Structure formats: C-alpha cells, structure tokens
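The data block below is work_24.txt; it holds compact mmCIF, C-alpha atoms (C1' of nucleotides).
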# COMPACT_ATOMS: atom_id res chain seq x y z
CA MET T 985 -17.07 -17.16 -26.11
CA ALA T 986 -13.34 -17.03 -26.84
CA LEU T 987 -13.44 -20.58 -28.16
CA ARG T 988 -15.52 -19.31 -31.06
CA TYR T 989 -12.78 -16.88 -32.05
CA ALA T 990 -10.01 -19.41 -31.57
CA ILE T 991 -11.80 -21.59 -34.11
CA LEU T 992 -12.29 -18.65 -36.45
CA ILE T 993 -8.58 -17.79 -36.26
CA SER T 994 -7.75 -21.38 -37.10
CA LEU T 995 -10.19 -21.44 -40.02
CA HIS T 996 -8.86 -18.11 -41.23
CA GLU T 997 -5.45 -19.75 -41.59
CA GLU T 998 -6.97 -22.64 -43.53
CA ALA T 999 -10.20 -24.56 -43.99
CA ALA T 1000 -10.39 -27.65 -41.78
CA THR T 1001 -12.63 -30.35 -40.31
CA GLY T 1002 -13.65 -30.39 -36.67
CA TYR T 1003 -11.29 -33.29 -36.22
CA GLU T 1004 -8.35 -31.30 -37.58
CA ILE T 1005 -9.20 -28.26 -35.46
CA THR T 1006 -9.28 -30.50 -32.41
CA LYS T 1007 -5.75 -31.64 -33.19
CA LYS T 1008 -4.59 -28.06 -33.65
CA PHE T 1009 -5.83 -27.31 -30.16
CA ASP T 1010 -3.60 -30.07 -28.85
CA GLN T 1011 -0.58 -28.37 -30.38
CA GLY T 1012 0.23 -24.70 -31.09
CA MET T 1013 -2.95 -22.98 -29.94
CA GLY T 1014 -3.23 -25.47 -27.11
CA PHE T 1015 -0.64 -23.55 -25.14
CA PHE T 1016 -3.04 -20.66 -24.59
CA TRP T 1017 -6.43 -22.26 -25.25
CA GLN T 1018 -7.77 -25.78 -24.77
CA ALA T 1019 -10.91 -27.40 -26.08
CA SER T 1020 -12.29 -30.91 -26.39
CA HIS T 1021 -13.74 -32.30 -29.60
CA GLN T 1022 -17.24 -32.19 -28.09
CA GLN T 1023 -16.98 -28.50 -27.49
CA ILE T 1024 -15.51 -27.83 -30.92
CA TYR T 1025 -18.16 -29.80 -32.85
CA LEU T 1026 -20.90 -28.04 -30.91
CA GLU T 1027 -19.43 -24.61 -31.50
CA LEU T 1028 -18.93 -25.33 -35.22
CA LYS T 1029 -22.59 -26.21 -35.48
CA LYS T 1030 -23.67 -23.00 -33.75
CA MET T 1031 -21.34 -20.93 -35.91
CA SER T 1032 -22.66 -22.62 -39.01
CA ASP T 1033 -26.23 -21.71 -37.97
CA LEU T 1034 -25.09 -18.11 -37.47
CA GLY T 1035 -23.40 -17.99 -40.87
CA LEU T 1036 -19.90 -17.41 -39.51
CA VAL T 1037 -18.66 -20.59 -41.14
CA GLU T 1038 -19.88 -22.90 -43.90
CA PHE T 1039 -19.00 -26.48 -44.76
CA GLN T 1040 -18.89 -29.00 -47.57
CA HIS T 1041 -19.71 -32.64 -47.06
CA ILE T 1042 -16.83 -34.76 -48.26
CA GLU T 1043 -17.40 -38.45 -48.81
CA GLN T 1044 -14.43 -40.72 -48.45
CA ASP T 1045 -13.98 -44.41 -49.02
CA SER T 1046 -12.07 -46.39 -46.42
CA LYS T 1047 -12.57 -43.42 -44.07
CA PRO T 1048 -15.64 -41.78 -42.49
CA ASP T 1049 -17.28 -38.87 -44.26
CA LYS T 1050 -16.19 -35.47 -43.09
CA LYS T 1051 -17.22 -31.83 -43.07
CA LEU T 1052 -14.70 -29.32 -44.32
CA TYR T 1053 -15.39 -25.98 -42.69
CA GLN T 1054 -14.34 -22.61 -43.97
CA ILE T 1055 -14.75 -19.11 -42.59
CA THR T 1056 -17.27 -16.78 -44.30
CA SER T 1057 -16.88 -13.04 -44.81
CA GLN T 1058 -19.33 -12.61 -41.94
CA GLY T 1059 -17.07 -14.79 -39.83
CA ILE T 1060 -14.03 -12.69 -40.73
CA GLN T 1061 -15.91 -9.54 -39.72
CA ALA T 1062 -17.01 -11.07 -36.42
CA LEU T 1063 -13.39 -12.05 -35.74
CA LYS T 1064 -12.08 -8.58 -36.54
CA ASP T 1065 -14.70 -7.02 -34.26
CA TRP T 1066 -13.66 -9.32 -31.45
CA LEU T 1067 -9.95 -8.63 -31.90
CA ILE T 1068 -10.38 -4.98 -30.94
CA GLN T 1069 -12.42 -5.67 -27.81
CA PRO T 1070 -10.42 -5.09 -24.62
CA VAL T 1071 -9.29 -8.26 -22.88
CA LYS T 1072 -9.97 -9.04 -19.25
CA THR T 1073 -6.88 -9.33 -17.13
CA GLN T 1074 -6.01 -12.95 -16.70
CA THR T 1075 -6.85 -14.51 -13.37
CA ILE T 1076 -5.00 -17.46 -11.92
CA LYS T 1077 -6.85 -20.48 -10.57
CA ASP T 1078 -4.30 -22.88 -9.21
CA SER T 1079 -5.29 -25.56 -6.75
CA LEU T 1080 -1.65 -26.50 -6.08
CA LEU T 1081 -1.10 -23.02 -4.62
CA MET T 1082 -4.27 -23.48 -2.59
CA LYS T 1083 -2.91 -26.73 -1.16
CA LEU T 1084 0.37 -25.02 -0.38
CA TYR T 1085 -1.52 -22.20 1.32
CA ALA T 1086 -3.26 -24.75 3.55
CA GLY T 1087 0.24 -25.66 4.68
CA PRO T 1088 0.79 -27.86 7.72
CA LEU T 1089 -2.75 -29.21 7.55
CA GLY T 1090 -1.66 -31.29 4.56
CA SER T 1091 1.35 -33.46 3.87
CA ALA T 1092 4.64 -31.79 2.94
CA GLN T 1093 5.78 -35.02 1.29
CA HIS T 1094 2.70 -35.07 -0.92
CA LEU T 1095 3.18 -31.45 -1.89
CA LEU T 1096 6.83 -32.11 -2.65
CA ASP T 1097 5.91 -35.05 -4.89
CA GLU T 1098 3.40 -32.91 -6.75
CA VAL T 1099 5.82 -30.03 -7.23
CA LEU T 1100 8.50 -32.43 -8.51
CA ARG T 1101 6.06 -34.05 -10.91
CA ILE T 1102 4.87 -30.74 -12.33
CA LYS T 1103 8.46 -29.48 -12.46
CA GLN T 1104 9.33 -32.46 -14.65
CA GLU T 1105 6.43 -31.66 -16.97
CA HIS T 1106 7.62 -28.06 -17.19
CA VAL T 1107 11.20 -29.09 -17.90
CA GLU T 1108 9.94 -31.14 -20.82
CA LEU T 1109 7.68 -28.37 -22.01
CA LEU T 1110 10.57 -25.92 -21.96
CA GLU T 1111 12.63 -28.33 -24.09
CA THR T 1112 9.74 -28.58 -26.55
CA PHE T 1113 9.41 -24.80 -26.69
CA HIS T 1114 13.13 -24.35 -27.26
CA ALA T 1115 13.08 -26.97 -30.01
CA ILE T 1116 10.19 -25.18 -31.73
CA GLU T 1117 12.02 -21.88 -31.39
CA GLN T 1118 15.12 -23.37 -33.02
CA GLU T 1119 13.25 -25.08 -35.81
CA TRP T 1120 10.68 -22.47 -36.80
CA PHE T 1121 11.70 -19.08 -35.51
CA GLN T 1122 15.36 -18.49 -36.26
CA ASN T 1123 16.22 -15.02 -37.60
CA ILE T 1124 12.78 -13.98 -36.53
CA ASP T 1125 12.79 -10.49 -38.05
CA GLN T 1126 13.33 -12.00 -41.48
CA GLN T 1127 10.36 -14.34 -41.19
CA PRO T 1128 6.91 -13.57 -42.63
CA LEU T 1129 4.93 -11.21 -40.39
CA PRO T 1130 2.33 -13.74 -39.18
CA TYR T 1131 5.20 -15.92 -37.94
CA GLN T 1132 6.64 -13.02 -36.01
CA TYR T 1133 3.41 -12.54 -34.06
CA ILE T 1134 3.19 -16.25 -33.30
CA TYR T 1135 6.80 -16.18 -32.15
CA TYR T 1136 5.86 -13.84 -29.31
CA THR T 1137 3.15 -16.19 -28.09
CA LEU T 1138 5.86 -18.84 -27.90
CA ARG T 1139 8.13 -16.44 -26.02
CA ASN T 1140 5.33 -15.89 -23.53
CA GLY T 1141 5.19 -19.63 -22.95
CA ILE T 1142 8.95 -19.79 -22.45
CA HIS T 1143 8.92 -16.99 -19.88
CA TYR T 1144 5.98 -18.55 -18.09
CA VAL T 1145 7.55 -21.99 -17.82
CA GLN T 1146 10.89 -20.54 -16.74
CA SER T 1147 9.24 -18.56 -13.95
CA TRP T 1148 7.53 -21.69 -12.71
CA LEU T 1149 10.85 -23.54 -12.72
CA ALA T 1150 12.59 -20.68 -10.87
CA TRP T 1151 9.86 -20.80 -8.23
CA SER T 1152 10.11 -24.56 -7.89
CA GLU T 1153 13.84 -24.14 -7.09
CA GLU T 1154 12.77 -22.02 -4.12
CA VAL T 1155 9.93 -24.12 -2.81
CA ILE T 1156 11.49 -27.58 -3.24
CA PRO T 1157 14.20 -27.11 -0.58
CA PHE T 1158 11.56 -25.80 1.82
CA LEU T 1159 9.26 -28.76 1.24
CA GLU T 1160 12.15 -31.20 1.50
CA LYS T 1161 12.98 -29.75 4.90
CA GLN T 1162 9.34 -30.01 6.02
CA ALA T 1163 8.92 -33.54 4.70
CA GLY T 1164 12.17 -34.57 6.40
CA ALA T 1165 11.14 -33.00 9.71
CA ALA T 1166 7.82 -34.86 9.65
CA THR T 1167 9.37 -38.33 9.39
CA ARG T 1168 12.02 -37.74 12.04
CA MET S 651 -15.12 -28.21 -6.73
CA ALA S 652 -11.95 -26.47 -5.60
CA LEU S 653 -13.97 -23.50 -4.40
CA ARG S 654 -15.42 -25.73 -1.69
CA TYR S 655 -11.95 -26.46 -0.35
CA ALA S 656 -10.82 -22.86 -0.62
CA ILE S 657 -13.73 -21.96 1.65
CA LEU S 658 -12.90 -24.80 4.03
CA ILE S 659 -9.27 -23.64 4.25
CA SER S 660 -10.49 -20.16 5.06
CA LEU S 661 -12.91 -21.42 7.71
CA HIS S 662 -10.21 -23.64 9.15
CA GLU S 663 -8.18 -20.50 9.82
CA GLU S 664 -11.16 -18.84 11.50
CA ALA S 665 -14.96 -18.84 11.54
CA ALA S 666 -16.46 -16.22 9.23
CA THR S 667 -19.58 -15.02 7.46
CA GLY S 668 -20.09 -15.41 3.72
CA TYR S 669 -19.51 -11.73 3.42
CA GLU S 670 -16.14 -11.94 5.16
CA ILE S 671 -15.07 -14.93 3.08
CA THR S 672 -15.96 -12.98 -0.04
CA LYS S 673 -13.62 -10.20 1.06
CA LYS S 674 -10.85 -12.69 1.77
CA PHE S 675 -11.14 -13.90 -1.81
CA ASP S 676 -10.53 -10.35 -2.97
CA GLN S 677 -7.25 -10.29 -1.09
CA GLY S 678 -4.74 -13.03 -0.17
CA MET S 679 -6.45 -16.12 -1.59
CA GLY S 680 -7.65 -14.06 -4.53
CA PHE S 681 -4.25 -14.35 -6.15
CA PHE S 682 -4.78 -18.05 -6.86
CA TRP S 683 -8.56 -18.42 -6.61
CA GLN S 684 -11.45 -16.05 -7.33
CA ALA S 685 -15.10 -16.31 -6.42
CA SER S 686 -18.11 -14.02 -6.37
CA HIS S 687 -20.40 -13.65 -3.38
CA GLN S 688 -23.16 -15.49 -5.24
CA GLN S 689 -20.98 -18.53 -5.67
CA ILE S 690 -19.76 -18.42 -2.09
CA TYR S 691 -23.23 -18.14 -0.53
CA LEU S 692 -24.45 -21.01 -2.70
CA GLU S 693 -21.51 -23.21 -1.83
CA LEU S 694 -21.85 -22.43 1.89
CA LYS S 695 -25.44 -23.56 1.74
CA LYS S 696 -24.54 -26.82 0.01
CA MET S 697 -21.75 -27.47 2.46
CA SER S 698 -24.05 -26.77 5.36
CA ASP S 699 -26.52 -29.33 3.97
CA LEU S 700 -23.66 -31.83 3.73
CA GLY S 701 -22.51 -31.17 7.28
CA LEU S 702 -19.09 -29.85 6.31
CA VAL S 703 -19.82 -26.52 7.97
CA GLU S 704 -22.33 -25.23 10.50
CA PHE S 705 -23.52 -21.74 11.35
CA GLN S 706 -25.02 -19.58 14.06
CA HIS S 707 -27.52 -16.86 13.35
CA ILE S 708 -26.28 -13.60 14.80
CA GLU S 709 -28.72 -10.72 15.16
CA GLN S 710 -27.29 -7.24 15.02
CA ASP S 711 -28.84 -3.87 15.51
CA SER S 712 -27.95 -1.16 13.06
CA LYS S 713 -26.61 -3.89 10.74
CA PRO S 714 -28.23 -6.82 8.93
CA ASP S 715 -28.33 -10.20 10.63
CA LYS S 716 -25.54 -12.54 9.66
CA LYS S 717 -24.57 -16.19 9.68
CA LEU S 718 -21.26 -17.07 11.27
CA TYR S 719 -19.97 -20.26 9.67
CA GLN S 720 -17.46 -22.65 11.15
CA ILE S 721 -15.90 -25.84 9.86
CA THR S 722 -17.04 -29.16 11.34
CA SER S 723 -14.84 -32.21 12.03
CA GLN S 724 -16.43 -33.73 8.93
CA GLY S 725 -15.37 -30.65 7.00
CA ILE S 726 -11.80 -30.93 8.28
CA GLN S 727 -11.69 -34.57 7.19
CA ALA S 728 -13.06 -33.72 3.72
CA LEU S 729 -10.40 -31.02 3.41
CA LYS S 730 -7.59 -33.36 4.45
CA ASP S 731 -8.79 -35.97 1.95
CA TRP S 732 -8.80 -33.37 -0.80
CA LEU S 733 -5.31 -32.10 0.06
CA ILE S 734 -3.73 -35.43 -0.82
CA GLN S 735 -5.49 -35.78 -4.18
CA PRO S 736 -3.15 -35.18 -7.12
CA VAL S 737 -3.61 -31.82 -8.84
CA LYS S 738 -4.20 -31.41 -12.55
CA THR S 739 -1.48 -29.52 -14.34
CA GLN S 740 -2.54 -25.92 -14.79
CA THR S 741 -3.67 -24.93 -18.23
CA ILE S 742 -3.45 -21.41 -19.58
CA LYS S 743 -6.45 -19.71 -21.19
CA ASP S 744 -5.36 -16.32 -22.33
CA SER S 745 -7.31 -14.45 -24.95
CA LEU S 746 -4.61 -11.77 -25.27
CA LEU S 747 -2.23 -14.42 -26.57
CA MET S 748 -4.95 -15.57 -28.93
CA LYS S 749 -5.30 -12.06 -30.29
CA LEU S 750 -1.56 -11.83 -30.67
CA TYR S 751 -1.55 -15.16 -32.51
CA ALA S 752 -4.09 -13.78 -34.96
CA GLY S 753 -1.45 -11.20 -35.75
CA PRO S 754 -1.77 -8.94 -38.79
CA LEU S 755 -5.49 -9.59 -39.01
CA GLY S 756 -5.94 -7.35 -35.97
CA SER S 757 -4.56 -3.96 -35.04
CA ALA S 758 -0.98 -3.73 -33.74
CA GLN S 759 -1.84 -0.44 -32.05
CA HIS S 760 -4.71 -2.02 -30.19
CA LEU S 761 -2.57 -4.93 -29.06
CA LEU S 762 0.12 -2.52 -27.94
CA ASP S 763 -2.38 -0.52 -25.89
CA GLU S 764 -3.64 -3.70 -24.27
CA VAL S 765 -0.16 -4.96 -23.45
CA LEU S 766 0.77 -1.57 -21.96
CA ARG S 767 -2.38 -1.49 -19.89
CA ILE S 768 -1.86 -4.97 -18.50
CA LYS S 769 1.82 -4.23 -17.95
CA GLN S 770 0.82 -1.29 -15.77
CA GLU S 771 -1.48 -3.55 -13.75
CA HIS S 772 1.34 -6.03 -13.30
CA VAL S 773 3.80 -3.34 -12.25
CA GLU S 774 1.37 -2.28 -9.54
CA LEU S 775 0.73 -5.88 -8.51
CA LEU S 776 4.46 -6.50 -8.17
CA GLU S 777 4.76 -3.44 -5.93
CA THR S 778 1.92 -4.76 -3.79
CA PHE S 779 3.54 -8.19 -3.57
CA HIS S 780 6.89 -6.70 -2.61
CA ALA S 781 5.22 -4.54 0.03
CA ILE S 782 3.49 -7.60 1.50
CA GLU S 783 6.76 -9.50 1.45
CA GLN S 784 8.48 -6.68 3.34
CA GLU S 785 5.74 -6.25 5.86
CA TRP S 786 4.76 -9.83 6.66
CA PHE S 787 7.49 -12.19 5.60
CA GLN S 788 10.83 -10.85 6.73
CA ASN S 789 13.20 -13.45 8.26
CA ILE S 790 10.91 -16.05 6.86
CA ASP S 791 12.53 -19.10 8.48
CA GLN S 792 11.87 -17.62 11.91
CA GLN S 793 8.17 -17.09 11.22
CA PRO S 794 5.46 -19.57 12.31
CA LEU S 795 5.21 -22.55 9.97
CA PRO S 796 1.82 -21.65 8.39
CA TYR S 797 3.29 -18.28 7.41
CA GLN S 798 6.21 -19.99 5.73
CA TYR S 799 3.88 -21.99 3.47
CA ILE S 800 1.88 -18.89 2.58
CA TYR S 801 5.13 -17.08 1.82
CA TYR S 802 5.81 -19.51 -1.03
CA THR S 803 2.44 -18.83 -2.61
CA LEU S 804 3.41 -15.15 -2.58
CA ARG S 805 6.77 -16.02 -4.14
CA ASN S 806 4.92 -17.84 -6.90
CA GLY S 807 2.96 -14.69 -7.59
CA ILE S 808 6.13 -12.60 -7.70
CA HIS S 809 7.82 -14.97 -10.16
CA TYR S 810 4.70 -15.06 -12.31
CA VAL S 811 4.30 -11.30 -12.52
CA GLN S 812 8.01 -10.82 -13.19
CA SER S 813 7.92 -13.28 -16.08
CA TRP S 814 4.98 -11.42 -17.59
CA LEU S 815 6.88 -8.14 -17.28
CA ALA S 816 10.00 -9.65 -18.85
CA TRP S 817 7.90 -10.88 -21.77
CA SER S 818 6.23 -7.49 -22.18
CA GLU S 819 9.71 -5.95 -22.58
CA GLU S 820 10.19 -8.22 -25.58
CA VAL S 821 6.83 -7.82 -27.23
CA ILE S 822 6.36 -4.06 -26.73
CA PRO S 823 9.20 -3.00 -29.10
CA PHE S 824 7.87 -5.41 -31.72
CA LEU S 825 4.31 -4.06 -31.46
CA GLU S 826 5.58 -0.47 -31.48
CA LYS S 827 7.37 -1.22 -34.73
CA GLN S 828 4.25 -2.80 -36.25
CA ALA S 829 1.95 -0.01 -35.07
CA GLY S 830 4.38 2.55 -36.47
CA ALA S 831 4.65 0.77 -39.81
CA ALA S 832 0.85 0.68 -40.15
CA THR S 833 0.39 4.43 -39.80
CA ARG S 834 3.22 5.37 -42.14
C1' DA A 272 -27.64 13.93 -2.03
C1' DA A 273 -24.93 10.18 -3.63
C1' DA A 274 -22.05 6.45 -2.91
C1' DA A 275 -20.08 2.91 -0.23
C1' DT A 276 -20.50 -0.66 3.38
C1' DC A 277 -22.80 -4.43 5.52
C1' DA A 278 -25.32 -8.64 4.53
C1' DT A 279 -27.94 -12.02 2.19
C1' DG A 280 -29.93 -14.34 -1.41
C1' DT A 281 -32.62 -16.22 -6.28
C1' DA A 282 -32.80 -17.23 -11.24
C1' DA A 283 -31.38 -17.64 -15.92
C1' DG A 284 -28.06 -18.86 -18.84
C1' DC A 285 -23.45 -19.96 -20.71
C1' DA A 286 -19.12 -22.56 -20.88
C1' DG A 287 -16.98 -26.60 -20.17
C1' DT A 288 -16.41 -31.56 -18.50
C1' DT A 289 -17.58 -36.32 -18.39
C1' DA A 290 -19.85 -40.06 -20.05
C1' DC A 291 -21.95 -42.44 -23.69
C1' DA A 292 -22.34 -43.86 -28.63
C1' DT A 293 -20.87 -45.70 -33.35
C1' DG A 294 -17.88 -47.97 -36.74
C1' DA A 295 -14.45 -48.80 -40.34
C1' DT A 296 -9.40 -48.90 -41.16
C1' DT A 297 -4.70 -49.25 -40.15
C1' DA A 298 -0.65 -50.05 -37.45
C1' DC A 299 1.75 -52.80 -33.91
C1' DG D 1252 -5.74 -59.55 -31.24
C1' DT D 1253 -5.29 -54.91 -29.40
C1' DA D 1254 -4.73 -50.30 -29.83
C1' DA D 1255 -4.62 -46.22 -32.38
C1' DT D 1256 -6.45 -43.25 -36.08
C1' DC D 1257 -10.16 -41.15 -38.52
C1' DA D 1258 -14.57 -38.86 -37.88
C1' DT D 1259 -18.78 -37.31 -35.85
C1' DG D 1260 -22.04 -36.52 -32.54
C1' DT D 1261 -25.74 -36.43 -28.03
C1' DA D 1262 -26.89 -35.94 -23.06
C1' DA D 1263 -26.31 -34.99 -18.35
C1' DC D 1264 -24.17 -32.36 -15.26
C1' DT D 1265 -21.08 -28.98 -12.87
C1' DG D 1266 -19.09 -24.55 -12.27
C1' DC D 1267 -19.39 -19.94 -12.96
C1' DT D 1268 -21.20 -15.42 -14.59
C1' DT D 1269 -24.65 -11.97 -15.06
C1' DA D 1270 -28.66 -9.96 -13.78
C1' DC D 1271 -32.01 -9.08 -10.43
C1' DA D 1272 -33.53 -8.12 -5.61
C1' DT D 1273 -33.70 -5.90 -0.83
C1' DG D 1274 -32.68 -2.47 2.72
C1' DA D 1275 -30.58 -0.09 6.65
C1' DT D 1276 -26.41 2.52 7.95
C1' DT D 1277 -22.39 5.14 7.33
C1' DT D 1278 -19.20 7.94 4.85
C1' DT D 1279 -18.10 11.53 1.40
Encoding of this model in structure tokens:
Amino acid sequence: MALRYAILISLHEEAATGYEITKKFDQGMGFFWQASHQQIYLELKKMSDLGLVEFQHIEQDSKPDKKLYQITSQGIQALKDWLIQPVKTQTIKDSLLMKLYAGPLGSAQHLLDEVLRIKQEHVELLETFHAIEQEWFQNIDQQPLPYQYIYYTLRNGIHYVQSWLAWSEEVIPFLEKQAGAATR
Amino acid sequence: MALRYAILISLHEEAATGYEITKKFDQGMGFFWQASHQQIYLELKKMSDLGLVEFQHIEQDSKPDKKLYQITSQGIQALKDWLIQPVKTQTIKDSLLMKLYAGPLGSAQHLLDEVLRIKQEHVELLETFHAIEQEWFQNIDQQPLPYQYIYYTLRNGIHYVQSWLAWSEEVIPFLEKQAGAATR
DNA sequence: AAAATCATGTAAGCAGTTACATGATTAC
DNA sequence: GTAATCATGTAACTGCTTACATGATTTT
C-alpha cells in the first residue's frame, strides 16, 4: 500500500502524468521505492476511483494524449493519516548473502565476480550521490525546509552504500583466497 | 523463488521439519531472508511434489506427528544450479525514508519518535551481532570453512546496522530541531 | 487459569513482476 | 533504418501476508 502514498507525495509536490511519475521513480524516490509503469497506472486508476486524485484529459498533436493527475483534498488527508502511522522495521531480503551463507557448496569464484560487480555499481552510485549532494544540498541549513528533509534521505543512501563498500573490502580478500585455493 | 533455495540450504545442513525450518528463519538466516510458517509449509509441499525434497512421517506420543524433510540429490543439483545464477542488485523499499521525504507535510515529532524507536532496535541488534561474533567466530581463519562464509554474512549485518546508527546520529538532531520549532 | 510450545495446514486477497499490446514522433 | 521517447493500458502469474483452523502438552 506504500506505493499509493509514494504517488500521493509526488503529486503533492506537483501534478503529473503517470508517465512522469514513472520517471520520478527511476530517479530521486527510486532510491527508497521502486515501481513499474504498470503498477503506477493501475494504482492511479484505483486512487481516481477512490477520489484521492483527479485528472484532466490533455490532447496533444504530434504526441499521444495524456492524463494530468492532481491530488485532491481527500488525497492530502489520506496521505497525512498515513504519515503518522508507525512504520514496520525494515527487513532485509538479500539472495547474495544467502549464496554466501551456502558457502563451499557454491563457487567462490562466482561469488567473487558477483561481489565485484555489485561493488562497481555501488561505487558509481556513491559518486552519483556525492554529485547530487554537491549540486543541490550545499549549505543545507540555509535551504528551504522541504529540501532539508530530502537531504537526509540522500544521507541515508550515502551511509548505506558506504557500509556495503566497507563490507566488500572485508569479503573480497576472503573470496579471492577461496577462489585461488580452488584452482590450485 | 529464493525462499525455495533458502529452505534447500537449510535442509542441506541437516534434515528438519517445517516447524524447525520456521524457527531457523527467525534466527540466523532471518537476518537476510524471512518467511512465515504458512509459506514454508506450502513451499515444502511443492518441493516434495517436484522431488527436490522427501520426508518421513514420524509419529510421536505426547506431541503431534511430524514430517522430517531431507534434501534429495535432485534438490542438491537444483540448489547448485541456482547458486551460480547472477543475483539482482538489491533494491531498498523503506517507507520511513518516504515519510521523511514528505517532510513538513508530516509531523517532525512523529518522525523523531520513529527514528528513536528503530535506533533502539538497531542498538540491540548490534549487541546481539557482536555477542554472536564473540561466541562463534573468534579466530575466524582457524574455523571450519563453512563457518568462515557464514561469518561474512554476519559482518554484512554489522556494517549495515552500524551505517543505520551513524545516519540516525545525523538525522536525530535535525528532527529534534524541527519538532522543537513546531511546538514553540 | 492462561499462555506458550509443538506441529500442521487451508483460503482469500494483495502487491508486484513479466509478458503482451499499440502507435506516432524524434533522434542517431 | 533502428532505437529511443512519449503515453497508456490489460492479463496472467508468482510471492507473500493475513486470517482462519485444530488440538494436545507443558510452562508460568
């Protein structure tokens, strides 16, 4: 049900089409919530039936028609109600850790390759996060309040990625040793 | 589908009943994979139909009958095949971050309470992890190889929890300031 | 007396993924 | 000519959660 509120938060910032919301989920919000266009279109329809959002048909030439959605006062209330619900503690579901746990039954070389690949992705993600921090969030306590809140979601991402990288520095030497031992 | 392989890994360690596997998921493996008893019983049945596991009926007096499951050679092969599949990069779905992103629309005090609550859970989890590390994984490079692999899944957990705690040290002062400003 | 432990399951429903479907326009 | 962008949707399926169901034994 959290997808519903992610969409409402997005529409509370500004009215948008399903297509535009989908793109937003690939960027900023995408760090802590993901959704496909199928899911988003379906949820928008449900929310429209419930009166949480409403839309205008916009005809375009040289481009397909679109539906511009905006949040209703009912939608704002539903969002506010949700914001004060307690959250469930996050659980981790990580199949890489499961494969590591299985240990010698698998291939150390394969695990090493996977860790290196994901490490590379995380290195790039960290660079992206740092670039965003530099560009958008300098002198954070002088920025508008909504920016300050968003800044801390970014900081969460930075800490998360850094912890993964720190761990990979521990596990890589171990896996290298195991992969080496297997081929000897 | 990863649940299937989590169960197979568990059964590869030792034969067990659905009930025992459920308990295992509340401990060690539970850090990186969770499953309810309903899901586990259902999956065991499917796997039994597929020949990946087999079971013996065991009658007990003063306790309900049980089914002791063990992995078959087919199951071991399926597990090995799965272990060398590439993993998808983990995505984060965290509704607390979403609520933080929504910022001034919500209540800073509520967010603060939630962060403090989850921080407390993480502090306790870190203590548990450190205790396990002390008790089971001292002189790690002299331990049996399967233990060494499992050790690195524990290390992942420690890094993860620590990064969350480090982040909470950043966000708590900010939320305290906002909560204070709102009541003044 | 109440709650926890042992032990297994069914059924309904929701959330999310994957596949399928269309079609014009614009950029490479 | 091929691929990407704009823009929306349906349908089938899988994975998971929540609720319901039973019942003896043991611990508090």
- Tell me, as a PyMOL selection string, which residues lie within 8 Å of stretch 278-295 of chain A, counting only C-alpha atoms (C1' of nucleotides); anything in the same chain fewer than 4 positions away does not count. (chain T and resi 985+1023+1046-1048) or (chain S and resi 669+688+691+713-716) or (chain D and resi 1265+1268)
Show me, as a CSV table (one decimal) with C-alpha atoms (C1' of nucleotides), in the frame of the given file, the residues of chain D whose atoms get within 8 Å of chain S, using only C-alpha atoms (C1' of nucleotides) for the distance check.
chain,number,residue,atom,x,y,z
D,1266,DG,C1',-19.1,-24.6,-12.3
D,1267,DC,C1',-19.4,-19.9,-13.0
D,1275,DA,C1',-30.6,-0.1,6.6
D,1276,DT,C1',-26.4,2.5,8.0
Do a neighbour search on A:DA275 at 12 Å with all atoms listed in the file, toss out local chain neighbours closer than 3 positions, and write the hits as a PDB file with C-alpha atoms (C1' of nucleotides), keeping the file's coordinate frame.
ATOM      1  C1'  DT D1276     -26.410   2.520   7.950  1.00  0.00           C
ATOM      2  C1'  DT D1277     -22.390   5.140   7.330  1.00  0.00           C
ATOM      3  C1'  DT D1278     -19.200   7.940   4.850  1.00  0.00           C
ATOM      4  C1'  DT D1279     -18.100  11.530   1.400  1.00  0.00           C
TER       5       DT D1279
END
Kindly list the centre and edge lengths in Å, rounded to one decimal, for the axis-aligned box that covers all listed atoms of stretch 693-700 of chain S plus 6 Å on each of its six sides, as JSON.
{"center_x": -24.0, "center_y": -27.1, "center_z": 1.8, "size_x": 17.0, "size_y": 21.4, "size_z": 19.2}
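Of note, atom CA of T:Ser1032 and atom C1' of D:DA1258 are spaced 18.2 Å apart.
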Close residues, stretch 1132-1135 of chain T itself excluded, 12 Å, only C-alpha atoms (C1' of nucleotides), min 2 positions apart in chain, as an MDAnalysis selection string: (chainID T and resid 1012:1013 1015:1016 1113:1114 1116:1130 1137:1142) or (chainID S and resid 746:758 761 817 820:822 824:825 827:828)
Working from the structure I just supplied, which lacks atoms in stretch 1142-1153 of chain T, can you model N, CA and C atoms there and output them as a PDB file, keeping the file's coordinate frame?
ATOM      1  N   ILE T1142       7.606 -19.538 -22.976  1.00  0.00           N
ATOM      2  CA  ILE T1142       8.950 -19.790 -22.450  1.00  0.00           C
ATOM      3  C   ILE T1142       9.154 -19.033 -21.129  1.00  0.00           C
ATOM      4  N   HIS T1143       8.776 -17.773 -21.110  1.00  0.00           N
ATOM      5  CA  HIS T1143       8.920 -16.990 -19.880  1.00  0.00           C
ATOM      6  C   HIS T1143       8.087 -17.596 -18.756  1.00  0.00           C
ATOM      7  N   TYR T1144       6.869 -17.999 -19.102  1.00  0.00           N
ATOM      8  CA  TYR T1144       5.980 -18.550 -18.090  1.00  0.00           C
ATOM      9  C   TYR T1144       6.574 -19.812 -17.458  1.00  0.00           C
ATOM     10  N   VAL T1145       7.011 -20.724 -18.319  1.00  0.00           N
ATOM     11  CA  VAL T1145       7.550 -21.990 -17.820  1.00  0.00           C
ATOM     12  C   VAL T1145       8.818 -21.754 -17.009  1.00  0.00           C
ATOM     13  N   GLN T1146       9.658 -20.836 -17.472  1.00  0.00           N
ATOM     14  CA  GLN T1146      10.890 -20.540 -16.740  1.00  0.00           C
ATOM     15  C   GLN T1146      10.594 -19.977 -15.353  1.00  0.00           C
ATOM     16  N   SER T1147       9.544 -19.142 -15.256  1.00  0.00           N
ATOM     17  CA  SER T1147       9.240 -18.560 -13.950  1.00  0.00           C
ATOM     18  C   SER T1147       8.757 -19.652 -12.999  1.00  0.00           C
ATOM     19  N   TRP T1148       8.001 -20.597 -13.555  1.00  0.00           N
ATOM     20  CA  TRP T1148       7.530 -21.690 -12.710  1.00  0.00           C
ATOM     21  C   TRP T1148       8.731 -22.515 -12.209  1.00  0.00           C
ATOM     22  N   LEU T1149       9.674 -22.754 -13.104  1.00  0.00           N
ATOM     23  CA  LEU T1149      10.850 -23.540 -12.720  1.00  0.00           C
ATOM     24  C   LEU T1149      11.689 -22.797 -11.681  1.00  0.00           C
ATOM     25  N   ALA T1150      11.823 -21.487 -11.840  1.00  0.00           N
ATOM     26  CA  ALA T1150      12.590 -20.680 -10.870  1.00  0.00           C
ATOM     27  C   ALA T1150      11.924 -20.769  -9.496  1.00  0.00           C
ATOM     28  N   TRP T1151      10.586 -20.694  -9.498  1.00  0.00           N
ATOM     29  CA  TRP T1151       9.860 -20.800  -8.230  1.00  0.00           C
ATOM     30  C   TRP T1151      10.049 -22.174  -7.591  1.00  0.00           C
ATOM     31  N   SER T1152       9.997 -23.201  -8.427  1.00  0.00           N
ATOM     32  CA  SER T1152      10.110 -24.560  -7.890  1.00  0.00           C
ATOM     33  C   SER T1152      11.484 -24.747  -7.221  1.00  0.00           C
ATOM     34  N   GLU T1153      12.518 -24.059  -7.718  1.00  0.00           N
ATOM     35  CA  GLU T1153      13.840 -24.140  -7.090  1.00  0.00           C
ATOM     36  C   GLU T1153      13.827 -23.524  -5.691  1.00  0.00           C
TER      37      GLU T1153
END
